[in-house]
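Participant: Got a structure for you, target.cif, holding mmCIF, C-alpha atoms; chains and numbers go by the auth columns.
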data_my_file
#
loop_
_atom_site.group_PDB
_atom_site.id
_atom_site.type_symbol
_atom_site.label_atom_id
_atom_site.label_comp_id
_atom_site.label_asym_id
_atom_site.label_seq_id
_atom_site.Cartn_x
_atom_site.Cartn_y
_atom_site.Cartn_z
_atom_site.B_iso_or_equiv
_atom_site.auth_seq_id
_atom_site.auth_asym_id
ATOM 1 C CA MET A 1 -23.200 7.284 -28.062 0.00 1 A
ATOM 2 C CA LEU A 2 -21.502 3.910 -28.233 0.00 2 A
ATOM 3 C CA ASP A 3 -22.547 1.390 -25.616 0.00 3 A
ATOM 4 C CA ALA A 4 -19.613 0.681 -23.269 0.00 4 A
ATOM 5 C CA THR A 5 -20.953 -2.835 -22.752 0.00 5 A
ATOM 6 C CA LEU A 6 -20.065 -3.634 -26.369 0.00 6 A
ATOM 7 C CA ALA A 7 -16.387 -2.811 -25.769 0.00 7 A
ATOM 8 C CA PRO A 8 -13.802 -5.508 -24.979 0.00 8 A
ATOM 9 C CA PRO A 9 -13.512 -6.445 -21.268 0.00 9 A
ATOM 10 C CA LEU A 10 -11.012 -4.663 -19.055 0.00 10 A
ATOM 11 C CA THR A 11 -7.559 -6.180 -18.940 0.00 11 A
ATOM 12 C CA PHE A 12 -5.484 -6.056 -15.745 0.00 12 A
ATOM 13 C CA PHE A 13 -1.802 -6.850 -15.387 0.00 13 A
ATOM 14 C CA HIS A 14 0.873 -6.732 -12.689 0.00 14 A
ATOM 15 C CA THR A 15 4.019 -4.656 -12.928 0.00 15 A
ATOM 16 C CA LEU A 16 7.413 -6.109 -12.095 0.00 16 A
ATOM 17 C CA PRO A 17 8.650 -5.514 -8.533 0.00 17 A
ATOM 18 C CA MET A 18 10.428 -2.192 -7.984 0.00 18 A
ATOM 19 C CA PRO A 19 11.804 -0.349 -4.934 0.00 19 A
ATOM 20 C CA CYS A 20 9.027 1.089 -2.765 0.00 20 A
ATOM 21 C CA PRO A 21 9.099 4.925 -2.824 0.00 21 A
ATOM 22 C CA TYR A 22 7.659 5.159 0.710 0.00 22 A
ATOM 23 C CA LEU A 23 9.068 2.356 2.878 0.00 23 A
ATOM 24 C CA PRO A 24 12.819 1.698 2.530 0.00 24 A
ATOM 25 C CA GLY A 25 13.888 -1.858 1.872 0.00 25 A
ATOM 26 C CA LEU A 26 10.531 -3.011 0.505 0.00 26 A
ATOM 27 C CA GLN A 27 9.441 -3.852 -3.025 0.00 27 A
ATOM 28 C CA GLU A 28 6.397 -2.365 -4.717 0.00 28 A
ATOM 29 C CA ARG A 29 4.150 -4.083 -7.242 0.00 29 A
ATOM 30 C CA ARG A 30 1.045 -2.641 -8.917 0.00 30 A
ATOM 31 C CA LEU A 31 -2.160 -3.932 -10.472 0.00 31 A
ATOM 32 C CA VAL A 32 -2.710 -1.853 -13.605 0.00 32 A
ATOM 33 C CA CYS A 33 -5.594 -1.315 -16.029 0.00 33 A
ATOM 34 C CA ASP A 34 -5.696 0.596 -19.348 0.00 34 A
ATOM 35 C CA LEU A 35 -8.314 3.380 -19.274 0.00 35 A
ATOM 36 C CA SER A 36 -7.939 4.410 -22.900 0.00 36 A
ATOM 37 C CA THR A 37 -10.621 1.992 -24.135 0.00 37 A
ATOM 38 C CA ARG A 38 -14.341 2.847 -24.091 0.00 38 A
ATOM 39 C CA ARG A 39 -14.925 0.369 -21.282 0.00 39 A
ATOM 40 C CA GLY A 40 -11.899 1.718 -19.400 0.00 40 A
ATOM 41 C CA ARG A 41 -13.193 5.287 -19.522 0.00 41 A
ATOM 42 C CA HIS A 42 -16.624 4.100 -18.441 0.00 42 A
ATOM 43 C CA ALA A 43 -15.166 2.117 -15.520 0.00 43 A
ATOM 44 C CA HIS A 44 -12.875 4.824 -14.137 0.00 44 A
ATOM 45 C CA ASP A 45 -15.201 6.076 -11.401 0.00 45 A
ATOM 46 C CA GLN A 46 -15.870 2.561 -10.146 0.00 46 A
ATOM 47 C CA LEU A 47 -12.147 1.809 -10.135 0.00 47 A
ATOM 48 C CA ALA A 48 -11.478 5.019 -8.180 0.00 48 A
ATOM 49 C CA LYS A 49 -14.046 4.007 -5.569 0.00 49 A
ATOM 50 C CA ALA A 50 -12.239 0.656 -5.350 0.00 50 A
ATOM 51 C CA GLY A 51 -8.953 2.385 -4.472 0.00 51 A
ATOM 52 C CA PHE A 52 -7.366 2.794 -7.904 0.00 52 A
ATOM 53 C CA ARG A 53 -5.466 5.923 -8.902 0.00 53 A
ATOM 54 C CA ARG A 54 -4.802 7.334 -12.366 0.00 54 A
ATOM 55 C CA THR A 55 -1.499 8.125 -14.030 0.00 55 A
ATOM 56 C CA GLN A 56 -1.758 9.163 -17.683 0.00 56 A
ATOM 57 C CA HIS A 57 -3.987 6.543 -19.385 0.00 57 A
ATOM 58 C CA LEU A 58 -3.571 3.910 -16.668 0.00 58 A
ATOM 59 C CA ALA A 59 -5.415 3.130 -13.442 0.00 59 A
ATOM 60 C CA TYR A 60 -3.372 1.365 -10.774 0.00 60 A
ATOM 61 C CA ARG A 61 -3.407 0.233 -7.179 0.00 61 A
ATOM 62 C CA PRO A 62 -0.715 -1.404 -5.019 0.00 62 A
ATOM 63 C CA ALA A 63 -0.678 -5.202 -5.147 0.00 63 A
ATOM 64 C CA CYS A 64 2.342 -6.043 -3.002 0.00 64 A
ATOM 65 C CA ALA A 65 2.651 -9.659 -1.883 0.00 65 A
ATOM 66 C CA SER A 66 3.866 -9.013 1.674 0.00 66 A
ATOM 67 C CA CYS A 67 2.654 -5.477 2.453 0.00 67 A
ATOM 68 C CA SER A 68 -0.672 -3.644 2.632 0.00 68 A
ATOM 69 C CA ALA A 69 0.571 -0.338 4.037 0.00 69 A
ATOM 70 C CA CYS A 70 -0.877 1.796 1.208 0.00 70 A
ATOM 71 C CA VAL A 71 -4.415 2.753 2.226 0.00 71 A
ATOM 72 C CA PRO A 72 -6.706 4.730 -0.133 0.00 72 A
ATOM 73 C CA VAL A 73 -8.047 7.856 1.601 0.00 73 A
ATOM 74 C CA ARG A 74 -10.580 10.545 0.806 0.00 74 A
ATOM 75 C CA LEU A 75 -11.907 13.635 2.617 0.00 75 A
ATOM 76 C CA ARG A 76 -15.595 14.283 3.195 0.00 76 A
ATOM 77 C CA THR A 77 -16.627 17.786 2.192 0.00 77 A
ATOM 78 C CA THR A 78 -20.155 17.778 3.627 0.00 78 A
ATOM 79 C CA ASP A 79 -18.937 17.970 7.236 0.00 79 A
ATOM 80 C CA PHE A 80 -15.309 19.018 6.780 0.00 80 A
ATOM 81 C CA ARG A 81 -13.859 20.365 10.029 0.00 81 A
ATOM 82 C CA TRP A 82 -12.298 23.754 9.455 0.00 82 A
ATOM 83 C CA THR A 83 -9.703 24.582 12.107 0.00 83 A
ATOM 84 C CA ARG A 84 -7.988 27.830 13.034 0.00 84 A
ATOM 85 C CA GLY A 85 -4.853 26.508 11.372 0.00 85 A
ATOM 86 C CA HIS A 86 -6.756 25.923 8.136 0.00 86 A
ATOM 87 C CA ARG A 87 -8.112 29.456 8.182 0.00 87 A
ATOM 88 C CA ARG A 88 -4.625 30.860 8.801 0.00 88 A
ATOM 89 C CA VAL A 89 -3.399 29.030 5.688 0.00 89 A
ATOM 90 C CA LEU A 90 -6.280 30.404 3.634 0.00 90 A
ATOM 91 C CA LYS A 91 -5.570 33.928 4.906 0.00 91 A
ATOM 92 C CA ALA A 92 -1.858 33.620 4.078 0.00 92 A
ATOM 93 C CA ASN A 93 -2.824 32.927 0.455 0.00 93 A
ATOM 94 C CA ALA A 94 -5.744 35.323 0.135 0.00 94 A
ATOM 95 C CA ASP A 95 -3.775 37.262 -2.476 0.00 95 A
ATOM 96 C CA LEU A 96 -3.785 34.284 -4.848 0.00 96 A
ATOM 97 C CA ARG A 97 -6.587 33.664 -7.314 0.00 97 A
ATOM 98 C CA CYS A 98 -7.468 30.222 -8.620 0.00 98 A
ATOM 99 C CA GLU A 99 -8.032 29.593 -12.318 0.00 99 A
ATOM 100 C CA VAL A 100 -9.384 26.291 -13.623 0.00 100 A
ATOM 101 C CA VAL A 101 -7.602 25.685 -16.932 0.00 101 A
ATOM 102 C CA PRO A 102 -7.510 22.788 -19.415 0.00 102 A
ATOM 103 C CA ASN A 103 -4.912 20.069 -18.803 0.00 103 A
ATOM 104 C CA GLU A 104 -2.478 21.513 -21.328 0.00 104 A
ATOM 105 C CA ALA A 105 1.198 21.722 -20.413 0.00 105 A
ATOM 106 C CA THR A 106 3.024 25.066 -20.576 0.00 106 A
ATOM 107 C CA ARG A 107 6.660 26.011 -20.171 0.00 107 A
ATOM 108 C CA GLU A 108 5.725 28.224 -17.230 0.00 108 A
ATOM 109 C CA GLN A 109 4.203 25.259 -15.415 0.00 109 A
ATOM 110 C CA PHE A 110 7.189 23.072 -16.205 0.00 110 A
ATOM 111 C CA GLU A 111 9.673 25.630 -14.864 0.00 111 A
ATOM 112 C CA LEU A 112 7.711 25.734 -11.596 0.00 112 A
ATOM 113 C CA PHE A 113 7.536 21.913 -11.604 0.00 113 A
ATOM 114 C CA GLU A 114 11.338 21.753 -12.001 0.00 114 A
ATOM 115 C CA ARG A 115 11.926 24.182 -9.126 0.00 115 A
ATOM 116 C CA TYR A 116 9.583 22.156 -6.958 0.00 116 A
ATOM 117 C CA GLN A 117 11.323 18.864 -7.756 0.00 117 A
ATOM 118 C CA VAL A 118 14.789 20.299 -7.091 0.00 118 A
ATOM 119 C CA GLY A 119 13.680 22.012 -3.890 0.00 119 A
ATOM 120 C CA ARG A 120 11.520 19.221 -2.428 0.00 120 A
ATOM 121 C CA HIS A 121 12.291 15.925 -4.172 0.00 121 A
ATOM 122 C CA GLY A 122 15.752 16.274 -5.643 0.00 122 A
ATOM 123 C CA ASP A 123 16.555 12.595 -5.139 0.00 123 A
ATOM 124 C CA GLY A 124 13.289 11.321 -6.620 0.00 124 A
ATOM 125 C CA GLU A 125 12.638 9.891 -10.064 0.00 125 A
ATOM 126 C CA MET A 126 10.358 12.775 -11.043 0.00 126 A
ATOM 127 C CA ALA A 127 13.305 15.162 -10.756 0.00 127 A
ATOM 128 C CA LEU A 128 14.600 13.504 -13.947 0.00 128 A
ATOM 129 C CA MET A 129 11.491 14.331 -15.969 0.00 129 A
ATOM 130 C CA ASP A 130 11.938 16.560 -19.022 0.00 130 A
ATOM 131 C CA TYR A 131 9.282 18.689 -20.699 0.00 131 A
ATOM 132 C CA PRO A 132 7.823 15.881 -22.866 0.00 132 A
ATOM 133 C CA ASP A 133 7.554 13.719 -19.721 0.00 133 A
ATOM 134 C CA TYR A 134 5.750 16.511 -17.906 0.00 134 A
ATOM 135 C CA ALA A 135 3.434 17.141 -20.867 0.00 135 A
ATOM 136 C CA ALA A 136 2.515 13.443 -20.967 0.00 136 A
ATOM 137 C CA MET A 137 1.701 13.469 -17.247 0.00 137 A
ATOM 138 C CA VAL A 138 -0.583 16.488 -17.652 0.00 138 A
ATOM 139 C CA GLU A 139 -2.180 15.917 -21.035 0.00 139 A
ATOM 140 C CA ARG A 140 -2.492 12.153 -21.457 0.00 140 A
ATOM 141 C CA SER A 141 -5.813 11.510 -19.749 0.00 141 A
ATOM 142 C CA PRO A 142 -8.822 9.649 -21.179 0.00 142 A
ATOM 143 C CA ILE A 143 -11.187 11.147 -18.561 0.00 143 A
ATOM 144 C CA GLU A 144 -12.260 14.656 -17.549 0.00 144 A
ATOM 145 C CA THR A 145 -9.121 16.323 -16.201 0.00 145 A
ATOM 146 C CA GLY A 146 -8.113 19.914 -15.502 0.00 146 A
ATOM 147 C CA LEU A 147 -5.540 22.073 -13.759 0.00 147 A
ATOM 148 C CA LEU A 148 -5.968 24.502 -10.895 0.00 148 A
ATOM 149 C CA GLU A 149 -3.474 27.355 -11.280 0.00 149 A
ATOM 150 C CA TYR A 150 -2.804 29.820 -8.456 0.00 150 A
ATOM 151 C CA ARG A 151 -1.553 33.265 -9.461 0.00 151 A
ATOM 152 C CA ASP A 152 -0.897 36.575 -7.717 0.00 152 A
ATOM 153 C CA ALA A 153 -1.916 40.065 -8.842 0.00 153 A
ATOM 154 C CA ARG A 154 1.117 40.223 -11.170 0.00 154 A
ATOM 155 C CA ASP A 155 0.048 36.928 -12.794 0.00 155 A
ATOM 156 C CA ASN A 156 2.979 35.010 -11.317 0.00 156 A
ATOM 157 C CA LEU A 157 2.286 31.282 -11.040 0.00 157 A
ATOM 158 C CA TRP A 158 2.791 30.057 -7.463 0.00 158 A
ATOM 159 C CA ALA A 159 1.190 26.624 -7.487 0.00 159 A
ATOM 160 C CA ALA A 160 -0.735 24.146 -9.626 0.00 160 A
ATOM 161 C CA MET A 161 -2.735 20.984 -9.089 0.00 161 A
ATOM 162 C CA LEU A 162 -3.762 18.373 -11.652 0.00 162 A
ATOM 163 C CA ILE A 163 -7.273 17.110 -10.841 0.00 163 A
ATOM 164 C CA ASP A 164 -9.666 14.461 -12.154 0.00 164 A
ATOM 165 C CA ARG A 165 -13.422 14.782 -11.960 0.00 165 A
ATOM 166 C CA GLN A 166 -15.387 11.773 -10.727 0.00 166 A
ATOM 167 C CA ASP A 167 -19.112 11.321 -10.264 0.00 167 A
ATOM 168 C CA ASP A 168 -18.757 11.697 -6.485 0.00 168 A
ATOM 169 C CA GLY A 169 -15.861 14.101 -6.129 0.00 169 A
ATOM 170 C CA LEU A 170 -12.567 15.534 -7.329 0.00 170 A
ATOM 171 C CA SER A 171 -9.286 13.656 -7.219 0.00 171 A
ATOM 172 C CA ALA A 172 -5.963 15.373 -6.514 0.00 172 A
ATOM 173 C CA VAL A 173 -3.683 13.658 -9.030 0.00 173 A
ATOM 174 C CA TYR A 174 -0.512 15.715 -8.509 0.00 174 A
ATOM 175 C CA SER A 175 0.385 19.141 -7.164 0.00 175 A
ATOM 176 C CA PHE A 176 3.503 21.296 -7.167 0.00 176 A
ATOM 177 C CA PHE A 177 4.359 24.769 -5.930 0.00 177 A
ATOM 178 C CA GLU A 178 7.052 27.372 -5.305 0.00 178 A
ATOM 179 C CA PRO A 179 9.415 25.560 -2.919 0.00 179 A
ATOM 180 C CA GLY A 180 10.771 28.632 -1.134 0.00 180 A
ATOM 181 C CA ALA A 181 7.423 29.924 0.140 0.00 181 A
ATOM 182 C CA ASP A 182 7.168 27.938 3.374 0.00 182 A
ATOM 183 C CA LYS A 183 5.061 30.558 5.178 0.00 183 A
ATOM 184 C CA ARG A 184 2.312 30.129 2.619 0.00 184 A
ATOM 185 C CA ALA A 185 2.044 26.337 3.209 0.00 185 A
ATOM 186 C CA LEU A 186 1.004 26.013 -0.432 0.00 186 A
ATOM 187 C CA GLY A 187 0.597 22.240 -0.354 0.00 187 A
ATOM 188 C CA ARG A 188 -1.906 22.465 2.503 0.00 188 A
ATOM 189 C CA PHE A 189 -3.564 25.473 0.910 0.00 189 A
ATOM 190 C CA MET A 190 -4.281 23.653 -2.344 0.00 190 A
ATOM 191 C CA ILE A 191 -5.935 20.748 -0.528 0.00 191 A
ATOM 192 C CA LEU A 192 -8.094 23.138 1.490 0.00 192 A
ATOM 193 C CA ASP A 193 -9.032 25.055 -1.635 0.00 193 A
ATOM 194 C CA LEU A 194 -9.864 21.790 -3.409 0.00 194 A
ATOM 195 C CA VAL A 195 -12.225 20.985 -0.530 0.00 195 A
ATOM 196 C CA ARG A 196 -13.932 24.339 -1.156 0.00 196 A
ATOM 197 C CA HIS A 197 -14.150 23.727 -4.912 0.00 197 A
ATOM 198 C CA THR A 198 -15.540 20.240 -4.429 0.00 198 A
ATOM 199 C CA ALA A 199 -18.151 21.318 -1.878 0.00 199 A
ATOM 200 C CA ALA A 200 -19.212 24.239 -4.094 0.00 200 A
ATOM 201 C CA GLN A 201 -20.009 21.734 -6.853 0.00 201 A
ATOM 202 C CA GLY A 202 -22.129 19.653 -4.483 0.00 202 A
ATOM 203 C CA LEU A 203 -19.686 16.742 -4.564 0.00 203 A
ATOM 204 C CA PRO A 204 -19.053 14.824 -1.322 0.00 204 A
ATOM 205 C CA TYR A 205 -15.418 13.689 -1.606 0.00 205 A
ATOM 206 C CA VAL A 206 -11.865 14.805 -2.267 0.00 206 A
ATOM 207 C CA TYR A 207 -9.705 11.814 -3.188 0.00 207 A
ATOM 208 C CA LEU A 208 -6.103 12.112 -1.950 0.00 208 A
ATOM 209 C CA GLY A 209 -4.576 8.845 -3.100 0.00 209 A
ATOM 210 C CA TYR A 210 -2.740 6.614 -0.647 0.00 210 A
ATOM 211 C CA TRP A 211 -1.851 7.096 2.982 0.00 211 A
ATOM 212 C CA VAL A 212 1.083 5.088 4.348 0.00 212 A
ATOM 213 C CA GLY A 213 1.156 4.957 8.124 0.00 213 A
ATOM 214 C CA GLY A 214 4.932 4.597 8.366 0.00 214 A
ATOM 215 C CA SER A 215 5.754 7.310 5.833 0.00 215 A
ATOM 216 C CA ARG A 216 6.405 10.913 6.922 0.00 216 A
ATOM 217 C CA LYS A 217 5.668 12.010 3.341 0.00 217 A
ATOM 218 C CA MET A 218 2.097 10.790 3.683 0.00 218 A
ATOM 219 C CA ALA A 219 1.345 11.864 7.263 0.00 219 A
ATOM 220 C CA TYR A 220 -0.303 15.137 6.185 0.00 220 A
ATOM 221 C CA LYS A 221 -3.225 13.307 4.567 0.00 221 A
ATOM 222 C CA THR A 222 -4.742 12.366 7.903 0.00 222 A
ATOM 223 C CA SER A 223 -4.379 15.875 9.368 0.00 223 A
ATOM 224 C CA TYR A 224 -7.681 16.786 7.686 0.00 224 A
ATOM 225 C CA GLN A 225 -10.951 15.567 9.160 0.00 225 A
ATOM 226 C CA PRO A 226 -13.101 13.705 8.525 0.00 226 A
ATOM 227 C CA VAL A 227 -10.957 11.378 6.422 0.00 227 A
ATOM 228 C CA GLU A 228 -12.181 8.005 5.208 0.00 228 A
ATOM 229 C CA CYS A 229 -10.033 4.997 4.382 0.00 229 A
ATOM 230 C CA LEU A 230 -10.800 1.978 2.212 0.00 230 A
ATOM 231 C CA SER A 231 -10.520 -1.491 3.706 0.00 231 A
ATOM 232 C CA GLY A 232 -12.190 -4.847 3.271 0.00 232 A
ATOM 233 C CA ASP A 233 -15.243 -3.357 4.973 0.00 233 A
ATOM 234 C CA GLY A 234 -15.526 -0.538 2.449 0.00 234 A
ATOM 235 C CA TRP A 235 -14.965 3.168 3.095 0.00 235 A
ATOM 236 C CA THR A 236 -14.962 3.946 6.819 0.00 236 A
ATOM 237 C CA GLU A 237 -13.978 7.029 8.798 0.00 237 A
ATOM 238 C CA LEU A 238 -10.408 6.920 10.095 0.00 238 A
ATOM 239 C CA ASP A 239 -10.029 7.922 13.728 0.00 239 A
ATOM 240 C CA SER A 240 -7.610 10.857 13.940 0.00 240 A
ATOM 241 C CA ASP A 241 -5.987 9.523 17.122 0.00 241 A
ATOM 242 C CA ALA A 242 -5.378 6.135 15.523 0.00 242 A
ATOM 243 C CA ALA A 243 -3.876 7.818 12.446 0.00 243 A
#
Just dump the structure as structure tokens.

Facilitator:
Amino acid sequence: MLDATLAPPLTFFHTLPMPCPYLPGLQERRLVCDLSTRRGRHAHDQLAKAGFRRTQHLAYRPACASCSACVPVRLRTTDFRWTRGHRRVLKANADLRCEVVPNEATREQFELFERYQVGRHGDGEMALMDYPDYAAMVERSPIETGLLEYRDARDNLWAAMLIDRQDDGLSAVYSFFEPGADKRALGRFMILDLVRHTAAQGLPYVYLGYWVGGSRKMAYKTSYQPVECLSGDGWTELDSDAA
């Protein structure tokens, strides 16, 4: 095995300002690092613990000059608080089986992804993605990555989640599902099932990306407890009432 310390040092760069996808009227800027090098792959887990997220071969975190609303969050699995509502969601999807598959794009996945984008995010940039774009999102990963697929007894695909494995947990990179199945609450179900998968592997955390206090899109991330947030004092538990 090649020693990662012999690889070139990590290089970070800033993106140009772009419209913030969460808070109208604000500009977003990111600090980005290439993970495709030996040192980058070796450093991924440390970057994730420092609040970075992965997209394809890049790790990034917000670096906005006048805003710090994006807060990295993760769920603890060791003392996760299962509520009656959580158990109702699990029961509503008891007919679905989960398969862990390689991160290889399929047309079936992409058709579900398209329905999800049209039904839930029709005005977003991801709604413009074609199949090669989708395949790049799923397959271009320099670290250990997989897909959770949820199918019924007839093998119909209802939902999927792209996940990264870290040394201390699993990271939910992106999920999509059948948009017309509101009673199933598939988005919530996949997070709850990921908590089960992570705990079963003896891993303490589920990483959920960024929580933005003023964004309705992100509010669901603090509905699970206990949830930890990253600040200058490190990872600390976020009070549910404050959230």

Participant: Do you know which residues the PyMOL selection byres ((chain A and resi 86) around 12) returns on this file, as a list in words?

Facilitator: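 Applied to this file, the PyMOL selection byres ((chain A and resi 86) around 12) selects Phe80, Arg81, Trp82, Thr83, Arg84, Gly85, Arg87, Arg88, Val89, Leu90, Lys91, Ala92, Asn93, Arg184, Ala185, Leu186, Gly187, Arg188, Phe189, Met190, Ile191, Leu192, Asp193, Val195, Arg196, Ser223, Tyr224 and Gln225 of chain A.
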
Participant: Restricted to C-alpha atoms, what would the selected residues look like written as a short mmCIF file (atom, residue, chain, number, x, y, z; two decimals), in the coordinates of the input?

Facilitator:
data_model
loop_
_atom_site.label_atom_id
_atom_site.label_comp_id
_atom_site.auth_asym_id
_atom_site.auth_seq_id
_atom_site.Cartn_x
_atom_site.Cartn_y
_atom_site.Cartn_z
CA PHE A 80 -15.31 19.02 6.78
CA ARG A 81 -13.86 20.36 10.03
CA TRP A 82 -12.30 23.75 9.46
CA THR A 83 -9.70 24.58 12.11
CA ARG A 84 -7.99 27.83 13.03
CA GLY A 85 -4.85 26.51 11.37
CA ARG A 87 -8.11 29.46 8.18
CA ARG A 88 -4.62 30.86 8.80
CA VAL A 89 -3.40 29.03 5.69
CA LEU A 90 -6.28 30.40 3.63
CA LYS A 91 -5.57 33.93 4.91
CA ALA A 92 -1.86 33.62 4.08
CA ASN A 93 -2.82 32.93 0.46
CA ARG A 184 2.31 30.13 2.62
CA ALA A 185 2.04 26.34 3.21
CA LEU A 186 1.00 26.01 -0.43
CA GLY A 187 0.60 22.24 -0.35
CA ARG A 188 -1.91 22.46 2.50
CA PHE A 189 -3.56 25.47 0.91
CA MET A 190 -4.28 23.65 -2.34
CA ILE A 191 -5.94 20.75 -0.53
CA LEU A 192 -8.09 23.14 1.49
CA ASP A 193 -9.03 25.06 -1.64
CA VAL A 195 -12.22 20.98 -0.53
CA ARG A 196 -13.93 24.34 -1.16
CA SER A 223 -4.38 15.88 9.37
CA TYR A 224 -7.68 16.79 7.69
CA GLN A 225 -10.95 15.57 9.16
#

Participant: Once the PyMOL selection byres ((chain A and resi 17) around 10) is applied to the coordinates I shared, what remains selected? I want it as number ranges by chain.

Facilitator: A: 14-16, 18-20, 26-30, 63-65

Participant: Could you write out that same residue set with C-alpha atoms as a PDB file, in the frame of the given file?

Facilitator:
ATOM      1  CA  HIS A  14       0.873  -6.732 -12.689  1.00  0.00           C
ATOM      2  CA  THR A  15       4.019  -4.656 -12.928  1.00  0.00           C
ATOM      3  CA  LEU A  16       7.413  -6.109 -12.095  1.00  0.00           C
ATOM      4  CA  MET A  18      10.428  -2.192  -7.984  1.00  0.00           C
ATOM      5  CA  PRO A  19      11.804  -0.349  -4.934  1.00  0.00           C
ATOM      6  CA  CYS A  20       9.027   1.089  -2.765  1.00  0.00           C
ATOM      7  CA  LEU A  26      10.531  -3.011   0.505  1.00  0.00           C
ATOM      8  CA  GLN A  27       9.441  -3.852  -3.025  1.00  0.00           C
ATOM      9  CA  GLU A  28       6.397  -2.365  -4.717  1.00  0.00           C
ATOM     10  CA  ARG A  29       4.150  -4.083  -7.242  1.00  0.00           C
ATOM     11  CA  ARG A  30       1.045  -2.641  -8.917  1.00  0.00           C
ATOM     12  CA  ALA A  63      -0.678  -5.202  -5.147  1.00  0.00           C
ATOM     13  CA  CYS A  64       2.342  -6.043  -3.002  1.00  0.00           C
ATOM     14  CA  ALA A  65       2.651  -9.659  -1.883  1.00  0.00           C
TER      15      ALA A  65
END

Participant: Quick one: apply the PyMOL selection byres ((chain A and resi 156) around 12) to the file and drop the selected residues here as a list in words.

Facilitator: Asp95, Leu96, Arg97, Cys98, Glu108, Gln109, Leu112, Glu149, Tyr150, Arg151, Asp152, Ala153, Arg154, Asp155, Leu157, Trp158, Ala159, Ala160, Phe177 and Glu178 of chain A

Participant: Mind pulling up the distance from CA of Val71 (chain A) to CA of Asp45 (chain A)?

Facilitator: 17.7 Å

Participant: Go through A:Leu147, A:Arg53, A:Tyr174, A:Leu75 one by one, measure the shortest atom-to-atom distance of each to Glu99 (chain A) using all atoms listed in the file, and give the residue with the smallest value.

Facilitator: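 Between A:Leu147, A:Arg53, A:Tyr174, A:Leu75, the residue approaching Glu99 (chain A) most closely is A:Leu147.
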
Participant: Just checking: using only C-alpha atoms, which residue out of A:Ala105, A:Leu128, A:Cys229, A:Val32 ends up closest to Arg140 (chain A)?

Facilitator: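 When distances to Arg140 (chain A) are compared using only C-alpha atoms, the smallest one comes from A:Ala105.
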
Participant: With all atoms listed in the file as the atoms that count, which of A:Thr77, A:Ser231, A:Ser171, A:Ser215 lies nearest to Ala199 (chain A)?

Facilitator: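 Using all atoms listed in the file, Ala199 (chain A) sits closest to A:Thr77.
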
Participant: To one decimal in Å, tell me the separation between CA of Val206 (chain A) and CA of Val100 (chain A).

Facilitator: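 Computed distance, CA of Val206 (chain A) to CA of Val100 (chain A), equals 16.3 Å.
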